[in-house]
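Participant: So I've got this file, entry_6.txt, and it contains compact mmCIF, C-alpha atoms:
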```
# COMPACT_ATOMS: atom_id res chain seq x y z
CA MET A 7 0.00 0.00 0.00
CA ILE A 8 1.16 3.52 -0.84
CA LEU A 9 0.93 6.41 1.62
CA TYR A 10 -0.11 9.63 -0.11
CA PRO A 11 0.63 12.70 2.06
CA ALA A 12 -2.02 15.33 1.29
CA ILE A 13 -1.30 18.95 0.53
CA ASP A 14 -4.58 20.85 0.32
CA LEU A 15 -4.13 24.31 -1.20
CA LYS A 16 -6.25 27.31 -0.28
CA ASP A 17 -5.23 30.88 -1.11
CA GLY A 18 -1.68 29.69 -1.80
CA ASN A 19 -1.24 27.99 1.59
CA ALA A 20 -1.17 24.35 2.67
CA VAL A 21 -4.28 23.92 4.82
CA ARG A 22 -6.63 21.30 6.21
CA LEU A 23 -10.38 21.66 6.27
CA TYR A 24 -12.72 20.22 8.87
CA LYS A 25 -15.36 17.99 7.20
CA GLY A 26 -14.90 19.84 3.92
CA GLU A 27 -15.95 23.27 5.21
CA MET A 28 -13.97 26.05 3.51
CA ASP A 29 -14.55 28.42 6.43
CA GLN A 30 -13.00 25.86 8.80
CA ALA A 31 -9.50 25.84 7.34
CA THR A 32 -6.33 25.59 9.41
CA VAL A 33 -3.16 26.89 7.73
CA PHE A 34 -0.30 24.46 8.33
CA ASN A 35 2.32 25.89 6.01
CA GLU A 36 2.50 29.10 4.00
CA ASN A 37 5.09 27.45 1.74
CA PRO A 38 3.46 24.35 0.19
CA ALA A 39 6.58 23.41 -1.79
CA ALA A 40 8.66 23.34 1.40
CA GLN A 41 5.98 21.15 2.99
CA ALA A 42 6.03 18.80 0.00
CA LEU A 43 9.82 18.53 0.16
CA GLU A 44 9.58 17.66 3.85
CA PHE A 45 7.33 14.73 2.97
CA VAL A 46 9.60 13.62 0.13
CA ASN A 47 12.72 13.83 2.30
CA ALA A 48 10.96 11.69 4.91
CA GLY A 49 10.56 8.95 2.29
CA CYS A 50 7.12 9.34 0.71
CA GLU A 51 6.85 7.99 -2.84
CA TRP A 52 3.82 10.02 -3.97
CA LEU A 53 2.15 13.36 -3.24
CA HIS A 54 -1.58 14.05 -3.21
CA LEU A 55 -2.43 17.67 -4.08
CA VAL A 56 -5.82 19.39 -3.97
CA ASP A 57 -6.66 22.83 -5.31
CA LEU A 58 -9.51 23.64 -2.91
CA ASN A 59 -10.29 27.04 -4.43
CA GLY A 60 -10.22 25.40 -7.85
CA ALA A 61 -12.80 22.81 -6.80
CA PHE A 62 -15.26 25.63 -6.11
CA ALA A 63 -14.23 27.86 -9.03
CA GLY A 64 -14.30 25.05 -11.60
CA GLU A 65 -10.83 25.99 -12.87
CA PRO A 66 -7.28 25.93 -11.46
CA VAL A 67 -6.69 28.66 -8.87
CA ASN A 68 -3.58 27.51 -6.97
CA ALA A 69 -1.51 26.77 -10.08
CA ALA A 70 1.61 28.61 -8.87
CA PRO A 71 2.20 26.54 -5.69
CA VAL A 72 1.40 23.32 -7.57
CA GLU A 73 3.95 24.18 -10.26
CA GLU A 74 6.54 24.96 -7.58
CA ILE A 75 5.91 21.59 -5.93
CA LEU A 76 6.30 19.80 -9.28
CA LYS A 77 9.53 21.69 -9.91
CA GLN A 78 11.09 20.89 -6.54
CA CYS A 79 9.86 17.35 -5.84
CA LYS A 80 11.04 14.37 -7.83
CA VAL A 81 8.27 11.97 -6.83
CA PRO A 82 5.03 11.46 -8.76
CA ALA A 83 2.11 13.70 -7.79
CA GLN A 84 -1.63 13.58 -8.36
CA LEU A 85 -3.85 16.67 -8.35
CA GLY A 86 -7.57 17.28 -8.02
CA GLY A 87 -9.70 20.40 -7.89
CA GLY A 88 -11.02 22.44 -10.80
CA ILE A 89 -9.88 20.08 -13.57
CA ARG A 90 -12.91 19.96 -15.85
CA ASP A 91 -11.76 20.00 -19.48
CA MET A 92 -9.23 18.33 -21.77
CA ALA A 93 -7.11 21.46 -22.14
CA THR A 94 -6.56 21.68 -18.37
CA ILE A 95 -5.78 17.97 -18.14
CA GLU A 96 -3.22 18.24 -20.92
CA ARG A 97 -1.68 21.38 -19.44
CA TRP A 98 -1.11 19.76 -16.05
CA LEU A 99 0.35 16.57 -17.50
CA ASP A 100 2.67 18.67 -19.68
CA LYS A 101 3.86 20.45 -16.54
CA GLY A 102 4.98 17.18 -14.99
CA LEU A 103 1.94 16.04 -13.04
CA THR A 104 1.66 12.23 -13.05
CA ARG A 105 -2.06 11.90 -12.49
CA VAL A 106 -5.08 14.20 -12.71
CA ILE A 107 -8.05 13.52 -10.46
CA LEU A 108 -11.46 14.14 -12.00
CA GLY A 109 -14.24 14.57 -9.45
CA THR A 110 -17.20 16.81 -10.23
CA VAL A 111 -16.81 16.23 -13.96
CA ALA A 112 -16.99 12.45 -13.44
CA VAL A 113 -20.61 12.97 -12.35
CA GLU A 114 -21.55 15.79 -14.72
CA ASN A 115 -19.65 14.74 -17.85
CA PRO A 116 -18.52 11.09 -17.63
CA ASP A 117 -17.68 11.10 -21.34
CA LEU A 118 -14.81 13.48 -20.57
CA VAL A 119 -13.34 10.89 -18.18
CA ARG A 120 -13.47 8.28 -20.92
CA GLU A 121 -11.96 10.65 -23.48
CA ALA A 122 -9.16 11.62 -21.08
CA CYS A 123 -8.38 7.98 -20.23
CA LYS A 124 -8.03 7.20 -23.93
CA ALA A 125 -5.84 10.24 -24.61
CA PHE A 126 -3.68 9.85 -21.50
CA PRO A 127 -3.72 6.18 -20.44
CA GLY A 128 -2.57 5.62 -16.87
CA HIS A 129 -2.76 9.31 -15.97
CA VAL A 130 -6.42 9.76 -15.02
CA ALA A 131 -7.99 8.99 -11.64
CA VAL A 132 -11.55 9.57 -10.51
CA GLY A 133 -12.20 11.21 -7.15
CA ILE A 134 -15.42 10.10 -5.50
CA ASP A 135 -16.35 12.17 -2.47
CA ALA A 136 -19.37 11.02 -0.49
CA ARG A 137 -21.65 11.81 2.41
CA ASN A 138 -23.67 8.84 3.66
CA GLY A 139 -22.96 6.81 0.54
CA LYS A 140 -24.07 9.55 -1.90
CA VAL A 141 -21.66 11.47 -4.14
CA ALA A 142 -21.00 15.18 -3.49
CA THR A 143 -19.60 17.57 -6.11
CA LYS A 144 -18.23 21.12 -6.55
CA GLY A 145 -15.86 21.07 -3.60
CA TRP A 146 -18.35 18.97 -1.61
CA ALA A 147 -20.82 21.86 -1.69
CA GLU A 148 -23.48 20.04 -3.72
CA GLU A 149 -24.94 16.64 -2.91
CA THR A 150 -26.33 14.28 -5.53
CA ASN A 151 -28.47 11.15 -5.46
CA VAL A 152 -25.70 9.19 -7.18
CA ASN A 153 -24.58 6.04 -5.35
CA VAL A 154 -20.79 5.69 -4.83
CA ILE A 155 -20.50 2.10 -6.07
CA ASP A 156 -22.75 2.75 -9.08
CA LEU A 157 -20.59 5.70 -10.15
CA ALA A 158 -17.34 3.81 -9.67
CA ARG A 159 -18.60 0.76 -11.59
CA SER A 160 -19.66 2.95 -14.50
CA PHE A 161 -15.95 3.56 -15.19
CA GLU A 162 -14.86 -0.09 -15.03
CA ASP A 163 -14.17 -0.25 -18.77
CA ALA A 164 -12.82 3.29 -19.17
CA GLY A 165 -9.18 2.76 -18.21
CA VAL A 166 -9.28 4.79 -14.97
CA SER A 167 -6.00 4.29 -13.08
CA ALA A 168 -7.47 4.70 -9.57
CA ILE A 169 -10.57 5.65 -7.61
CA ILE A 170 -9.89 8.02 -4.72
CA TYR A 171 -12.71 7.51 -2.24
CA THR A 172 -13.26 10.17 0.42
CA ASP A 173 -15.80 9.97 3.21
CA ILE A 174 -16.42 13.70 3.72
CA ASN A 175 -17.77 13.30 7.26
CA ARG A 176 -14.45 11.77 8.30
CA ASP A 177 -12.19 14.24 6.48
CA GLY A 178 -10.03 16.34 8.80
CA ALA A 179 -12.02 15.11 11.79
CA MET A 180 -9.31 12.73 13.10
CA GLN A 181 -11.98 10.09 13.76
CA GLY A 182 -10.61 7.31 11.58
CA PRO A 183 -11.52 6.37 8.00
CA ASN A 184 -14.69 4.61 6.90
CA VAL A 185 -12.94 1.24 6.55
CA GLU A 186 -16.10 -0.74 5.88
CA ALA A 187 -17.35 1.46 3.02
CA THR A 188 -13.86 1.67 1.50
CA ALA A 189 -13.46 -2.13 1.55
CA GLU A 190 -16.95 -2.60 0.12
CA LEU A 191 -16.12 -0.28 -2.78
CA ALA A 192 -12.75 -1.92 -3.46
CA ASN A 193 -14.29 -5.39 -3.44
CA ALA A 194 -17.05 -4.31 -5.83
CA MET A 195 -14.69 -3.42 -8.66
CA SER A 196 -11.35 -4.01 -10.36
CA ILE A 197 -10.10 -0.39 -10.44
CA PRO A 198 -7.52 0.22 -7.65
CA VAL A 199 -9.00 2.16 -4.71
CA ILE A 200 -7.21 4.77 -2.58
CA ALA A 201 -8.73 5.51 0.84
CA SER A 202 -9.13 9.10 1.98
CA GLY A 203 -10.75 10.94 4.87
CA GLY A 204 -10.06 10.51 8.57
CA VAL A 205 -6.78 8.56 8.45
CA SER A 206 -5.38 9.75 11.77
CA SER A 207 -3.27 6.99 13.35
CA LEU A 208 -1.02 4.05 12.57
CA ASP A 209 -3.89 1.81 13.65
CA ASP A 210 -6.08 3.40 10.97
CA LEU A 211 -3.47 2.47 8.40
CA ARG A 212 -3.24 -1.07 9.77
CA ASN A 213 -7.05 -1.37 9.63
CA LEU A 214 -7.10 -0.27 6.00
CA LYS A 215 -4.24 -2.61 5.14
CA ASN A 216 -6.14 -5.51 6.73
CA CYS A 217 -9.64 -4.49 5.62
CA GLY A 218 -10.21 -7.54 3.45
CA ALA A 219 -9.70 -5.65 0.19
CA ALA A 220 -6.49 -4.96 -1.72
CA LEU A 221 -6.32 -1.17 -1.50
CA ASN A 222 -3.81 0.77 -3.60
CA GLY A 223 -3.09 3.19 -0.78
CA ALA A 224 -4.27 5.73 1.76
CA ILE A 225 -4.21 9.52 1.88
CA SER A 226 -3.42 11.33 5.12
CA GLY A 227 -3.18 15.04 5.81
CA ARG A 228 -3.95 16.56 9.18
CA ALA A 229 -2.48 13.64 11.14
CA LEU A 230 0.89 14.11 9.43
CA TYR A 231 0.86 17.85 10.15
CA ASP A 232 -0.24 17.38 13.77
CA GLY A 233 2.34 14.65 14.37
CA ALA A 234 -0.34 12.05 15.15
CA ILE A 235 1.22 9.91 12.41
CA ASP A 236 4.98 9.67 11.98
CA LEU A 237 5.58 9.42 8.23
CA GLY A 238 8.54 7.05 8.57
CA GLU A 239 6.58 4.68 10.82
CA ALA A 240 3.57 4.88 8.53
CA LEU A 241 5.64 3.87 5.52
CA LYS A 242 6.96 0.87 7.46
CA VAL A 243 3.43 -0.20 8.44
CA LEU A 244 2.17 -0.08 4.86
CA LYS A 245 5.21 -1.84 3.42
CA GLY A 246 5.42 -4.50 6.15
```
As a first step, turn the structure in this file into structure tokens.
Facilitator:
Amino acid sequence: MILYPAIDLKDGNAVRLYKGEMDQATVFNENPAAQALEFVNAGCEWLHLVDLNGAFAGEPVNAAPVEEILKQCKVPAQLGGGIRDMATIERWLDKGLTRVILGTVAVENPDLVREACKAFPGHVAVGIDARNGKVATKGWAEETNVNVIDLARSFEDAGVSAIIYTDINRDGAMQGPNVEATAELANAMSIPVIASGGVSSLDDLRNLKNCGAALNGAISGRALYDGAIDLGEALKVLKG
């Protein structure tokens, strides 16, 4: 399993939200590239980046800090937030991003996901963010009646490289991930699943690793910033 340290970007800073609320943001680092380097130097093999402003605006907003991270860090990175057309996808991949994460557009324009997977095989992931099993879009601000597993399964034949599943009610709350729902999703499909939301201890990582489904990895943010998870120990747990 891969550990993906999360760098959530709001107004140029690395922040963490509480349960997806933009007005409940804690700034952890005013220099996101320095934060990313810290994670890389500690041994992480991937970075998970989110343009929070972009998710609401529907277009990239925090491009400058993302570009700086890509310039300074020599590990693969994935980015979500405000990526809703082919031109933006192509632009980010040209700038050195390894994987784009399509969230809102996966619900509103699934054909774009399929088109992007064909044009850029291996470089497109789908982000599925949910409250109570139903998908939320536009930076988690809008809720839909779309079922998580139904949406994920609809991309089985598209060539999606990963599904990033976030339980919004667990995100930033330090209450542990929704292990059961994550395992259920992973077992319902062949696309690799990455767990996100609430990963706040080494035990959480162990529970995900032993959840009964072969997960690709787990994303953690606040716990790494707060020191609740030691990155070096976490990497050992997931590799062991």
Participant: Given the choices A:Leu221, A:Cys50, A:Ile169, A:Leu118, which gets closest to Asp236 (chain A) if the distance is worked out from all atoms listed in the file?
Facilitator: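 Ranked by minimum distance to Asp236 (chain A), first place goes to A:Cys50.
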Participant: What's the 9 Å shell around region 120-133 of chain A, counting all atoms listed in the file, without same-chain residues fewer than 4 positions away, as a list in words?
Facilitator: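 Counting only the stated atoms, we get Gln84, Gly86, Asp91, Met92, Ile95, Glu96, Leu99, Leu103, Thr104, Arg105, Val106, Ile107, Leu108, Gly109, Thr110, Ala112, Pro116, Ala158, Phe161, Asp163, Ala164, Gly165, Val166, Ser167, Ala168, Ile169, Ile170, Tyr171 and Thr172 of chain A.
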Participant: Atoms to include: C-alpha atoms. Write the selected residues as a PDB file, keeping the file's coordinate frame.
Facilitator:
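To be explicit, this is the file written out as again02.pdb:
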```pdb
ATOM      1  CA  GLN A  84      -1.630  13.580  -8.360  1.00  0.00           C
ATOM      2  CA  GLY A  86      -7.570  17.280  -8.020  1.00  0.00           C
ATOM      3  CA  ASP A  91     -11.760  20.000 -19.480  1.00  0.00           C
ATOM      4  CA  MET A  92      -9.230  18.330 -21.770  1.00  0.00           C
ATOM      5  CA  ILE A  95      -5.780  17.970 -18.140  1.00  0.00           C
ATOM      6  CA  GLU A  96      -3.220  18.240 -20.920  1.00  0.00           C
ATOM      7  CA  LEU A  99       0.350  16.570 -17.500  1.00  0.00           C
ATOM      8  CA  LEU A 103       1.940  16.040 -13.040  1.00  0.00           C
ATOM      9  CA  THR A 104       1.660  12.230 -13.050  1.00  0.00           C
ATOM     10  CA  ARG A 105      -2.060  11.900 -12.490  1.00  0.00           C
ATOM     11  CA  VAL A 106      -5.080  14.200 -12.710  1.00  0.00           C
ATOM     12  CA  ILE A 107      -8.050  13.520 -10.460  1.00  0.00           C
ATOM     13  CA  LEU A 108     -11.460  14.140 -12.000  1.00  0.00           C
ATOM     14  CA  GLY A 109     -14.240  14.570  -9.450  1.00  0.00           C
ATOM     15  CA  THR A 110     -17.200  16.810 -10.230  1.00  0.00           C
ATOM     16  CA  ALA A 112     -16.990  12.450 -13.440  1.00  0.00           C
ATOM     17  CA  PRO A 116     -18.520  11.090 -17.630  1.00  0.00           C
ATOM     18  CA  ALA A 158     -17.340   3.810  -9.670  1.00  0.00           C
ATOM     19  CA  PHE A 161     -15.950   3.560 -15.190  1.00  0.00           C
ATOM     20  CA  ASP A 163     -14.170  -0.250 -18.770  1.00  0.00           C
ATOM     21  CA  ALA A 164     -12.820   3.290 -19.170  1.00  0.00           C
ATOM     22  CA  GLY A 165      -9.180   2.760 -18.210  1.00  0.00           C
ATOM     23  CA  VAL A 166      -9.280   4.790 -14.970  1.00  0.00           C
ATOM     24  CA  SER A 167      -6.000   4.290 -13.080  1.00  0.00           C
ATOM     25  CA  ALA A 168      -7.470   4.700  -9.570  1.00  0.00           C
ATOM     26  CA  ILE A 169     -10.570   5.650  -7.610  1.00  0.00           C
ATOM     27  CA  ILE A 170      -9.890   8.020  -4.720  1.00  0.00           C
ATOM     28  CA  TYR A 171     -12.710   7.510  -2.240  1.00  0.00           C
ATOM     29  CA  THR A 172     -13.260  10.170   0.420  1.00  0.00           C
TER      30      THR A 172
END
```
Participant: In terms of the shortest atom-to-atom distance over only C-alpha atoms, which of A:Leu9, A:Gly139, A:Glu73, A:Asn213 is closest to Lys242 (chain A)?
Facilitator: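 Closest to Lys242 (chain A) of all the choices is A:Leu9.
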Participant: Could you state the separation of CA of Ala69 (chain A) and CA of Gly18 (chain A) in Å, given to one decimal place?
Facilitator: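 Straight-line distance from CA of Ala69 (chain A) to CA of Gly18 (chain A) works out to 8.8 Å.
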Participant: Looking at all atoms listed in the file, which of A:Val46, A:Val199, A:Val72, A:Ala40 is the one that sits closest to Pro11 (chain A)?
Facilitator: A:Val46
Participant: With all atoms listed in the file as the atoms that count, which of A:Ala229, A:Ile13, A:Ala147, A:Leu208 lies nearest to Leu244 (chain A)?
Facilitator: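 Among the listed residues, the smallest separation from Leu244 (chain A) belongs to A:Leu208.
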Participant: Distance CA of Arg159 (chain A)-CA of Ala194 (chain A), one decimal place?
Facilitator: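 Result for CA of Arg159 (chain A) versus CA of Ala194 (chain A): 7.8 Å, one decimal.
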Participant: With distances taken over all atoms listed in the file, which of A:Asp232, A:Asp57, A:Asp210, A:Glu51 is nearest to Ala20 (chain A)?
Facilitator: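 Result for the nearest residue to Ala20 (chain A): A:Asp57.
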Participant: One number please: CA of Val154 (chain A) to CA of Val113 (chain A), in Å, one decimal.
Facilitator: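 We find that CA of Val154 (chain A) and CA of Val113 (chain A) lie 10.5 Å from each other.
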Participant: Given the choices A:Ala42, A:Val185, A:Met195, A:Ala31, which gets closest to Gln78 (chain A) if the distance is worked out from all atoms listed in the file?
Facilitator: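 Of A:Ala42, A:Val185, A:Met195, A:Ala31, the one nearest Gln78 (chain A) is A:Ala42, counting all atoms listed in the file.
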Participant: List as a ChimeraX atom specification the protein and nucleic acid residues near Gly204 (chain A), meaning an atom at most 9 Å away when only C-alpha atoms are counted, but skip any in the same chain fewer than 4 places from it.
Facilitator: /A:172-184,210,225-229
Participant: Name the residues in contact with Lys215 (chain A) at a cut-off of 10 Å, using all atoms listed in the file, excluding same-chain residues fewer than 6 positions from it; report them as a list in words.
Facilitator: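 Answer for this query is Met7, Val185, Ala189, Asp209, Leu221, Asn222, Gly223, Ala224, Val243, Leu244, Lys245 and Gly246 of chain A.
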Participant: Could you pull the residues within 7 Å of Thr150 (chain A), counting only C-alpha atoms, minus those fewer than 2 positions along the same chain, as a ChimeraX atom specification?
Facilitator: /A:140-142,148,152
